[in-house]
file start.csv (CSV, C-alpha atoms)
chain,number,residue,atom,x,y,z
A,3,MET,CA,85.5,84.9,-83.8
A,4,LYS,CA,88.9,85.3,-85.6
A,5,ILE,CA,91.7,86.4,-83.3
A,6,ASP,CA,93.8,89.2,-84.8
A,7,GLY,CA,97.3,88.2,-83.9
A,8,ARG,CA,98.8,91.1,-85.7
A,9,ALA,CA,96.9,93.6,-83.6
A,10,ILE,CA,98.0,91.9,-80.4
A,11,ALA,CA,101.6,91.9,-81.7
A,12,ASP,CA,101.4,95.6,-82.7
A,13,GLN,CA,100.3,96.5,-79.2
A,14,ILE,CA,103.3,94.7,-77.6
A,15,LEU,CA,105.7,96.2,-80.2
A,16,SER,CA,104.4,99.7,-79.7
A,17,GLY,CA,105.0,99.5,-76.0
A,18,LEU,CA,108.5,98.2,-76.6
A,19,GLN,CA,109.3,100.9,-79.1
A,20,LYS,CA,108.7,103.6,-76.4
A,21,ARG,CA,110.8,101.8,-73.8
A,22,ILE,CA,113.6,101.2,-76.3
A,23,SER,CA,113.6,104.9,-77.3
A,24,ALA,CA,114.3,105.6,-73.6
A,25,LEU,CA,117.1,103.0,-73.5
A,26,LYS,CA,118.7,104.4,-76.7
A,27,ARG,CA,118.9,107.9,-75.1
A,28,LYS,CA,121.1,106.2,-72.5
A,29,GLY,CA,123.3,104.7,-75.2
A,30,VAL,CA,121.9,101.1,-75.1
A,31,ILE,CA,120.7,99.5,-78.3
A,32,PRO,CA,119.1,96.1,-77.7
A,33,THR,CA,120.9,93.7,-80.0
A,34,LEU,CA,119.9,90.2,-81.0
A,35,ALA,CA,122.3,87.8,-82.7
A,36,VAL,CA,120.6,85.0,-84.8
A,37,ILE,CA,122.7,82.1,-86.0
A,38,GLN,CA,121.1,80.5,-89.0
A,39,VAL,CA,122.4,77.1,-90.2
A,40,GLY,CA,121.5,76.0,-93.7
A,41,ASP,CA,118.8,77.3,-96.0
A,42,ASP,CA,115.5,76.2,-94.6
A,43,PRO,CA,112.9,78.5,-96.2
A,44,GLY,CA,110.7,78.5,-93.0
A,45,SER,CA,113.7,79.7,-90.9
A,46,ALA,CA,114.5,82.4,-93.5
A,47,ALA,CA,110.9,83.6,-93.4
A,48,TYR,CA,110.9,83.7,-89.6
A,49,ILE,CA,114.2,85.6,-89.5
A,50,ARG,CA,112.7,88.2,-91.8
A,51,GLN,CA,109.8,88.6,-89.4
A,52,LYS,CA,112.3,89.1,-86.6
A,53,GLN,CA,114.2,91.7,-88.6
A,54,LYS,CA,111.1,93.7,-89.4
A,55,ALA,CA,110.0,93.7,-85.7
A,56,ALA,CA,113.5,94.6,-84.5
A,57,GLU,CA,113.6,97.5,-86.9
A,58,TYR,CA,110.2,98.7,-85.8
A,59,ILE,CA,111.1,98.9,-82.1
A,60,GLY,CA,114.5,100.3,-82.7
A,61,ALA,CA,116.5,97.2,-81.9
A,62,LYS,CA,119.4,95.7,-83.9
A,63,LEU,CA,119.5,92.2,-85.4
A,64,ILE,CA,122.6,90.5,-86.5
A,65,VAL,CA,122.3,87.4,-88.7
A,66,SER,CA,125.2,84.9,-88.9
A,67,HIS,CA,124.3,82.6,-91.8
A,68,GLN,CA,126.3,79.3,-91.7
A,69,SER,CA,126.5,76.3,-94.0
A,70,SER,CA,124.6,73.2,-93.0
A,71,ALA,CA,128.0,71.5,-93.0
A,72,ILE,CA,129.2,73.5,-90.0
A,73,SER,CA,130.6,71.5,-87.2
A,74,LEU,CA,129.1,71.5,-83.7
A,75,GLN,CA,132.4,72.9,-82.4
A,76,THR,CA,132.3,75.8,-84.8
A,77,LEU,CA,128.7,76.5,-84.0
A,78,GLN,CA,129.6,76.6,-80.3
A,79,ASN,CA,132.5,78.9,-80.9
A,80,ILE,CA,130.3,81.4,-82.8
A,81,SER,CA,127.7,81.4,-80.1
A,82,GLN,CA,130.4,81.9,-77.4
A,83,GLN,CA,131.8,84.9,-79.4
A,84,TYR,CA,128.4,86.5,-79.2
A,85,GLY,CA,128.1,85.5,-75.6
A,86,ASP,CA,131.3,87.3,-74.8
A,87,ASP,CA,130.3,90.4,-76.8
A,88,GLN,CA,128.8,92.9,-74.3
A,89,SER,CA,127.1,94.8,-77.1
A,90,VAL,CA,125.0,91.6,-77.9
A,91,HIS,CA,122.1,91.1,-75.4
A,92,GLY,CA,120.3,88.1,-76.9
A,93,ILE,CA,121.4,85.0,-78.9
A,94,ILE,CA,119.3,82.6,-80.9
A,95,VAL,CA,120.3,79.5,-82.8
A,96,GLN,CA,117.5,79.3,-85.3
A,97,ARG,CA,115.7,76.0,-85.4
A,98,PRO,CA,115.3,73.6,-87.0
A,99,LEU,CA,119.0,72.5,-87.0
A,100,PRO,CA,120.5,69.6,-89.1
A,101,ASP,CA,120.3,66.2,-87.4
A,102,ALA,CA,124.0,66.2,-86.8
A,103,LEU,CA,123.8,69.2,-84.6
A,104,ARG,CA,122.2,70.2,-81.4
A,105,ALA,CA,121.8,73.6,-79.9
A,106,PRO,CA,125.1,74.8,-78.5
A,107,ASN,CA,125.6,75.8,-74.9
A,108,ILE,CA,124.7,79.4,-75.1
A,109,LEU,CA,125.1,81.6,-72.0
A,110,LEU,CA,121.9,81.3,-70.1
A,111,SER,CA,121.7,85.1,-69.6
A,112,LYS,CA,121.4,85.6,-73.4
A,113,ASP,CA,119.0,82.7,-74.2
A,114,VAL,CA,116.1,84.9,-75.2
A,115,ASP,CA,114.4,81.9,-76.8
A,116,GLY,CA,114.0,80.4,-73.3
A,117,PHE,CA,114.7,76.9,-74.4
A,118,LEU,CA,117.7,76.0,-72.3
A,119,PRO,CA,117.1,74.6,-68.8
A,120,ASN,CA,116.9,77.4,-66.1
A,121,SER,CA,116.8,80.1,-68.7
A,122,PRO,CA,115.7,83.4,-67.1
A,123,TYR,CA,113.2,84.1,-70.0
A,124,PRO,CA,109.8,82.6,-70.8
A,125,VAL,CA,109.6,80.7,-74.1
A,126,PRO,CA,108.1,83.3,-76.6
A,127,VAL,CA,105.7,80.9,-78.2
A,128,ALA,CA,104.2,79.9,-74.9
A,129,GLU,CA,103.9,83.6,-73.9
A,130,ALA,CA,102.3,84.2,-77.3
A,131,VAL,CA,99.6,81.6,-76.6
A,132,LEU,CA,98.9,83.2,-73.2
A,133,LYS,CA,98.7,86.7,-74.7
A,134,ILE,CA,96.2,85.4,-77.4
A,135,LEU,CA,94.1,83.7,-74.7
A,136,GLU,CA,94.1,86.9,-72.7
A,137,SER,CA,92.5,88.6,-75.7
A,138,THR,CA,89.5,86.2,-75.4
A,139,PHE,CA,88.9,86.9,-71.7
A,140,SER,CA,86.1,89.1,-70.5
A,141,ALA,CA,86.8,92.6,-69.2
A,142,SER,CA,86.0,91.4,-65.7
A,143,THR,CA,88.8,88.9,-65.7
A,144,HIS,CA,91.7,90.1,-63.5
A,145,SER,CA,94.1,87.2,-63.8
A,146,ARG,CA,94.9,84.9,-66.7
A,147,ILE,CA,95.8,82.2,-64.2
A,148,ASN,CA,92.4,82.3,-62.6
A,149,ALA,CA,90.7,82.3,-66.0
A,150,LEU,CA,92.7,79.4,-67.3
A,151,THR,CA,92.7,77.1,-64.3
A,152,THR,CA,88.9,76.5,-64.7
A,153,LYS,CA,89.3,75.3,-68.3
A,154,HIS,CA,90.3,71.9,-69.8
A,155,ILE,CA,93.2,72.6,-72.1
A,156,VAL,CA,94.5,70.2,-74.7
A,157,VAL,CA,97.9,70.6,-76.3
A,158,ILE,CA,98.4,68.5,-79.4
A,159,GLY,CA,102.1,67.7,-80.0
A,160,ARG,CA,105.0,67.6,-77.7
A,161,GLY,CA,107.9,69.0,-79.8
A,162,GLU,CA,110.7,70.8,-78.0
A,163,THR,CA,110.1,74.1,-79.7
A,164,ALA,CA,106.3,74.4,-79.3
A,165,GLY,CA,104.1,71.7,-77.7
A,166,LYS,CA,106.4,70.9,-74.8
A,167,PRO,CA,107.2,74.4,-73.6
A,168,ILE,CA,103.5,75.4,-74.0
A,169,ALA,CA,102.3,72.4,-72.0
A,170,ASP,CA,105.0,73.0,-69.4
A,171,THR,CA,103.8,76.6,-69.0
A,172,PHE,CA,100.2,75.6,-68.5
A,173,ILE,CA,101.3,72.9,-65.9
A,174,LYS,CA,103.3,75.5,-64.0
A,175,MET,CA,100.1,77.7,-63.8
A,176,GLY,CA,98.2,74.8,-62.3
A,177,CYS,CA,95.9,74.3,-65.4
A,178,MET,CA,94.0,71.1,-66.2
A,179,ILE,CA,95.9,69.9,-69.2
A,180,SER,CA,96.0,66.9,-71.5
A,181,VAL,CA,98.8,66.4,-74.0
A,182,ILE,CA,98.0,64.4,-77.2
A,183,HIS,CA,100.8,62.8,-79.3
A,184,SER,CA,101.1,60.2,-82.0
A,185,GLN,CA,100.7,57.3,-79.5
A,186,THR,CA,97.7,58.7,-77.7
A,187,PRO,CA,94.7,56.3,-77.9
A,188,ASN,CA,91.4,57.8,-79.1
A,189,PRO,CA,92.6,61.5,-79.3
A,190,ASP,CA,89.3,62.7,-80.7
A,191,ARG,CA,87.6,61.8,-77.4
A,192,ILE,CA,90.0,64.1,-75.6
A,193,THR,CA,89.7,67.0,-78.0
A,194,LYS,CA,85.9,66.8,-77.9
A,195,ASN,CA,85.9,67.6,-74.2
A,196,ALA,CA,88.4,70.5,-74.4
A,197,ASP,CA,87.6,74.1,-73.7
A,198,ILE,CA,90.9,75.2,-75.4
A,199,VAL,CA,92.8,73.3,-78.0
A,200,VAL,CA,96.4,74.4,-78.8
A,201,SER,CA,97.6,72.4,-81.9
A,202,CYS,CA,101.4,72.2,-82.6
A,203,VAL,CA,101.6,69.5,-85.2
A,204,GLY,CA,102.0,71.2,-88.6
A,205,LYS,CA,99.8,68.9,-90.7
A,206,PRO,CA,96.4,69.3,-92.4
A,207,ASN,CA,93.2,68.8,-90.5
A,208,VAL,CA,94.6,67.8,-87.2
A,209,VAL,CA,91.7,69.7,-85.7
A,210,ARG,CA,88.3,69.4,-87.4
A,211,ARG,CA,84.7,70.4,-86.7
A,212,ASP,CA,83.9,66.8,-85.8
A,213,ASN,CA,86.6,66.4,-83.1
A,214,ILE,CA,86.0,69.6,-81.1
A,215,LYS,CA,83.0,70.8,-79.0
A,216,GLN,CA,80.9,73.8,-79.7
A,217,GLY,CA,82.4,77.0,-78.3
A,218,ALA,CA,86.0,75.7,-78.0
A,219,ILE,CA,88.9,78.2,-78.4
A,220,LEU,CA,91.3,77.0,-81.1
A,221,ILE,CA,95.0,78.1,-81.4
A,222,SER,CA,97.1,76.7,-84.3
A,223,VAL,CA,100.8,76.9,-83.6
A,224,GLY,CA,101.6,74.3,-86.2
A,225,LEU,CA,102.3,75.4,-89.8
A,226,TRP,CA,102.6,73.7,-93.1
A,227,ARG,CA,102.9,74.8,-96.7
A,228,ASP,CA,100.9,73.5,-99.6
A,229,SER,CA,102.2,72.8,-103.1
A,230,ASP,CA,101.8,76.5,-104.0
A,231,GLY,CA,103.8,77.6,-100.9
A,232,LYS,CA,100.8,78.9,-99.1
A,233,LEU,CA,100.8,78.7,-95.3
A,234,HIS,CA,98.2,76.7,-93.4
A,235,GLY,CA,97.5,75.8,-89.8
A,236,ASP,CA,96.4,72.6,-88.2
A,237,TYR,CA,92.8,73.3,-89.2
A,238,GLU,CA,90.9,74.8,-92.1
A,239,GLU,CA,89.2,78.0,-90.9
A,240,ASP,CA,86.2,77.5,-93.1
A,241,ASP,CA,85.7,74.1,-91.4
A,242,ILE,CA,85.9,75.2,-87.8
A,243,GLN,CA,84.8,78.8,-87.6
A,244,GLU,CA,81.1,78.0,-86.8
A,245,MET,CA,82.1,75.6,-84.0
A,246,ALA,CA,84.9,77.7,-82.4
A,247,SER,CA,84.1,80.7,-80.1
A,248,PHE,CA,87.6,82.0,-81.0
A,249,TYR,CA,90.3,80.8,-83.3
A,250,THR,CA,93.7,82.0,-84.6
A,251,PRO,CA,94.1,82.3,-88.4
A,252,THR,CA,97.1,81.3,-90.4
A,253,PRO,CA,98.9,83.5,-91.2
A,254,GLY,CA,98.3,86.4,-88.8
A,255,GLY,CA,97.7,84.3,-85.7
A,256,VAL,CA,100.4,83.0,-83.4
A,257,GLY,CA,103.4,84.0,-85.6
A,258,PRO,CA,103.3,87.7,-85.1
A,259,VAL,CA,102.7,87.5,-81.4
A,260,ASN,CA,105.5,84.9,-81.0
A,261,VAL,CA,108.0,87.4,-82.6
A,262,ALA,CA,106.7,90.2,-80.4
A,263,CYS,CA,107.2,88.2,-77.3
A,264,LEU,CA,110.7,87.4,-78.4
A,265,MET,CA,111.4,91.1,-78.8
A,266,ALA,CA,110.0,91.6,-75.3
A,267,ASN,CA,112.6,89.1,-74.0
A,268,LEU,CA,115.3,91.0,-75.9
A,269,TYR,CA,114.3,94.1,-74.1
A,270,ARG,CA,114.3,92.3,-70.8
A,271,SER,CA,117.8,91.0,-71.6
A,272,CYS,CA,119.2,94.6,-71.3
A,273,PHE,CA,118.5,94.5,-67.6
A,274,ALA,CA,120.2,92.5,-64.8
A,275,LEU,CA,116.9,91.1,-63.5
A,276,PRO,CA,114.7,90.2,-66.5
A,277,GLU,CA,111.7,89.1,-64.5
A,278,SER,CA,111.5,92.5,-62.8
A,279,VAL,CA,110.7,94.2,-66.0
A,280,GLN,CA,106.9,94.1,-66.5
A,281,LEU,CA,105.5,94.5,-70.0
A,282,SER,CA,101.9,95.3,-70.9
call {"tool": "encode", "arguments": {"input": "start.csv", "output": "structure tokens"}}
result
Amino acid sequence: MKIDGRAIADQILSGLQKRISALKRKGVIPTLAVIQVGDDPGSAAYIRQKQKAAEYIGAKLIVSHQSSAISLQTLQNISQQYGDDQSVHGIIVQRPLPDALRAPNILLSKDVDGFLPNSPYPVPVAEAVLKILESTFSASTHSRINALTTKHIVVIGRGETAGKPIADTFIKMGCMISVIHSQTPNPDRITKNADIVVSCVGKPNVVRRDNIKQGAILISVGLWRDSDGKLHGDYEEDDIQEMASFYTPTPGGVGPVNVACLMANLYRSCFALPESVQLS
């Protein structure tokens, strides 16, 4: 069964819209600053998604578009300026960054992407995967932790923006997890035994009908574009749909939920204790 990521995202965003309306009546407008370095088309597309989501919920998004030749010091200075601005609640340095740069030391209280050590916010892509998995649980399931700890979960890829934080989230929940990377011997043997496969590679046919088991849940976080510019995930839907019990499409799968979870972090960032704010 195809998982409708847009419907899941809409539910999250609708709830945020109501909460932010209440905040705005108190004079608070959740504001996200996005620092974009260079002209990566994927980054530009992702920022447009963020802009659309922010507008829908009544938040404000500021984009600081910088040349790929920017120095690390200048990038740090810009992020610090937003960090000192009390009207800005969240800061993102849009990835990927040029090889010569690394993410600047943003104030932890405003790291709504959750990538920095000890950040008070969950990584949106990891939260998005959990939200998607929740949508596949039966009505009698009361806890996503209980539901997931009985499953064998495989994460393919260990990149810092997807595979690693997703795997770390499952590990913290006490899940049975295997991580597959380019040096893993006989990866097909592992995926064939998985109840849930989360693929974060961004290449064609990483997951196929011949390397998964019947009834597996498939989530494609990885994205790639063909010569016509069309987005694809790590599997072809026509190939796996009869094997998988649930799967995310591309587009319309993880992406919208990822953006919605980022907006949830932005809302949380308006409060002194982000973890105390519970979102449906």
call {"tool": "closest_residue", "arguments": {"input": "start.csv", "among": "A:Lys153, A:Arg27, A:Arg50, A:His91", "to": "Asp197 of chain A", "atoms": "all atoms listed in the file"}}
result
A:Lys153
call {"tool": "closest_residue", "arguments": {"input": "start.csv", "among": "A:Tyr237, A:Phe248, A:Tyr269, A:Phe117", "to": "Leu225 of chain A", "atoms": "only C-alpha atoms"}}
result
A:Tyr237
call {"tool": "atom_distance", "arguments": {"input": "start.csv", "atom1": "atom CA of Ile173 of chain A", "atom2": "atom CA of Asn120 of chain A"}}
result
16.2 Å
call {"tool": "closest_residue", "arguments": {"input": "start.csv", "among": "A:Pro98, A:Gly217, A:Pro32, A:Pro43", "to": "Lys112 of chain A", "atoms": "only C-alpha atoms"}}
result
A:Pro32
call {"tool": "closest_residue", "arguments": {"input": "start.csv", "among": "A:Leu150, A:Thr163, A:Asp12, A:Val200", "to": "Cys177 of chain A", "atoms": "only C-alpha atoms"}}
result
A:Leu150
call {"tool": "residues_around", "arguments": {"input": "start.csv", "residues": "segment 206-210 of chain A", "least_positions_apart": "2", "cutoff": "6 Å", "atoms": "all atoms listed in the file", "output": "PyMOL selection string"}}
result
chain A and resi 212-213+236-237
call {"tool": "write_last_selection", "arguments": {"input": "start.csv", "atoms": "C-alpha atoms", "output": "mmCIF file, in the frame of the given file"}}
result
data_model
loop_
_atom_site.group_PDB
_atom_site.id
_atom_site.type_symbol
_atom_site.label_atom_id
_atom_site.label_comp_id
_atom_site.auth_asym_id
_atom_site.auth_seq_id
_atom_site.Cartn_x
_atom_site.Cartn_y
_atom_site.Cartn_z
ATOM 1 C CA ASP A 212 83.900 66.800 -85.800
ATOM 2 C CA ASN A 213 86.600 66.400 -83.100
ATOM 3 C CA ASP A 236 96.400 72.600 -88.200
ATOM 4 C CA TYR A 237 92.800 73.300 -89.200
#
call {"tool": "residues_near_point", "arguments": {"input": "start.csv", "point": "(107.8, 72.4, -80.3)", "cutoff": "6 Å", "atoms": "all atoms listed in the file", "output": "PyMOL selection string"}}
result
chain A and resi 161-166
call {"tool": "closest_residue", "arguments": {"input": "start.csv", "among": "A:Val203, A:Leu135, A:Ile214, A:Met265", "to": "Arg191 of chain A", "atoms": "all atoms listed in the file"}}
result
A:Ile214
call {"tool": "residues_around", "arguments": {"input": "start.csv", "residues": "segment 226-233 of chain A", "least_positions_apart": "5", "cutoff": "10 Å", "atoms": "only C-alpha atoms", "output": "list in words"}}
result
Gly44, Val203, Gly204, Lys205, Pro206, Thr252 and Pro253 of chain A
call {"tool": "residues_around", "arguments": {"input": "start.csv", "residues": "Val36 of chain A", "least_positions_apart": "3", "cutoff": "9 Å", "atoms": "all atoms listed in the file", "output": "number ranges by chain"}}
result
A: 49, 63-67, 92-96
call {"tool": "atom_distance", "arguments": {"input": "start.csv", "atom1": "atom CA of Gly159 of chain A", "atom2": "atom CA of Gly224 of chain A"}}
result
9.1 Å
call {"tool": "closest_residue", "arguments": {"input": "start.csv", "among": "A:Val156, A:Ser184, A:Val256, A:Asp113", "to": "Phe172 of chain A", "atoms": "only C-alpha atoms"}}
result
A:Val156
call {"tool": "atom_distance", "arguments": {"input": "start.csv", "atom1": "atom CA of Leu220 of chain A", "atom2": "atom CA of Lys4 of chain A"}}
result
9.7 Å
call {"tool": "residues_around", "arguments": {"input": "start.csv", "residues": "Ala71 of chain A", "least_positions_apart": "2", "cutoff": "8 Å", "atoms": "all atoms listed in the file", "output": "list of chain:residue names"}}
result
A:Gly40, A:Ser69, A:Ser73
call {"tool": "write_last_selection", "arguments": {"input": "start.csv", "atoms": "C-alpha atoms", "output": "short mmCIF file (atom, residue, chain, number, x, y, z; two decimals), keeping the file's coordinate frame"}}
result
data_model
loop_
_atom_site.label_atom_id
_atom_site.label_comp_id
_atom_site.auth_asym_id
_atom_site.auth_seq_id
_atom_site.Cartn_x
_atom_site.Cartn_y
_atom_site.Cartn_z
CA GLY A 40 121.50 76.00 -93.70
CA SER A 69 126.50 76.30 -94.00
CA SER A 73 130.60 71.50 -87.20
#
call {"tool": "decode", "arguments": {"input": "start.csv", "residues": "segment 147-158 of chain A", "atoms": "N, CA and C atoms", "output": "PDB file, in the first residue's frame"}}
result
ATOM      1  N   ILE A 147       7.100   3.035  20.167  1.00  0.00           N
ATOM      2  CA  ILE A 147       8.286   2.327  20.658  1.00  0.00           C
ATOM      3  C   ILE A 147       7.986   0.833  20.759  1.00  0.00           C
ATOM      4  N   ASN A 148       6.870   0.475  21.383  1.00  0.00           N
ATOM      5  CA  ASN A 148       6.512  -0.937  21.515  1.00  0.00           C
ATOM      6  C   ASN A 148       6.339  -1.594  20.159  1.00  0.00           C
ATOM      7  N   ALA A 149       5.729  -0.864  19.216  1.00  0.00           N
ATOM      8  CA  ALA A 149       5.485  -1.417  17.891  1.00  0.00           C
ATOM      9  C   ALA A 149       6.782  -1.667  17.131  1.00  0.00           C
ATOM     10  N   LEU A 150       7.766  -0.785  17.306  1.00  0.00           N
ATOM     11  CA  LEU A 150       8.996  -0.877  16.520  1.00  0.00           C
ATOM     12  C   LEU A 150      10.034  -1.808  17.130  1.00  0.00           C
ATOM     13  N   THR A 151      10.038  -1.972  18.439  1.00  0.00           N
ATOM     14  CA  THR A 151      11.073  -2.792  19.065  1.00  0.00           C
ATOM     15  C   THR A 151      10.916  -4.276  18.763  1.00  0.00           C
ATOM     16  N   THR A 152       9.774  -4.660  18.200  1.00  0.00           N
ATOM     17  CA  THR A 152       9.581  -6.062  17.823  1.00  0.00           C
ATOM     18  C   THR A 152       9.966  -6.324  16.367  1.00  0.00           C
ATOM     19  N   LYS A 153      10.391  -5.286  15.662  1.00  0.00           N
ATOM     20  CA  LYS A 153      10.705  -5.410  14.238  1.00  0.00           C
ATOM     21  C   LYS A 153      12.211  -5.359  13.998  1.00  0.00           C
ATOM     22  N   HIS A 154      12.641  -6.047  12.935  1.00  0.00           N
ATOM     23  CA  HIS A 154      14.033  -5.923  12.500  1.00  0.00           C
ATOM     24  C   HIS A 154      14.080  -4.797  11.480  1.00  0.00           C
ATOM     25  N   ILE A 155      14.798  -3.740  11.821  1.00  0.00           N
ATOM     26  CA  ILE A 155      14.874  -2.545  10.980  1.00  0.00           C
ATOM     27  C   ILE A 155      16.244  -2.462  10.331  1.00  0.00           C
ATOM     28  N   VAL A 156      16.263  -2.208   9.036  1.00  0.00           N
ATOM     29  CA  VAL A 156      17.515  -2.011   8.313  1.00  0.00           C
ATOM     30  C   VAL A 156      17.553  -0.588   7.770  1.00  0.00           C
ATOM     31  N   VAL A 157      18.639   0.125   8.065  1.00  0.00           N
ATOM     32  CA  VAL A 157      18.876   1.449   7.496  1.00  0.00           C
ATOM     33  C   VAL A 157      20.028   1.324   6.513  1.00  0.00           C
ATOM     34  N   ILE A 158      19.781   1.712   5.271  1.00  0.00           N
ATOM     35  CA  ILE A 158      20.818   1.650   4.239  1.00  0.00           C
ATOM     36  C   ILE A 158      21.399   3.043   4.058  1.00  0.00           C
TER      37      ILE A 158
END
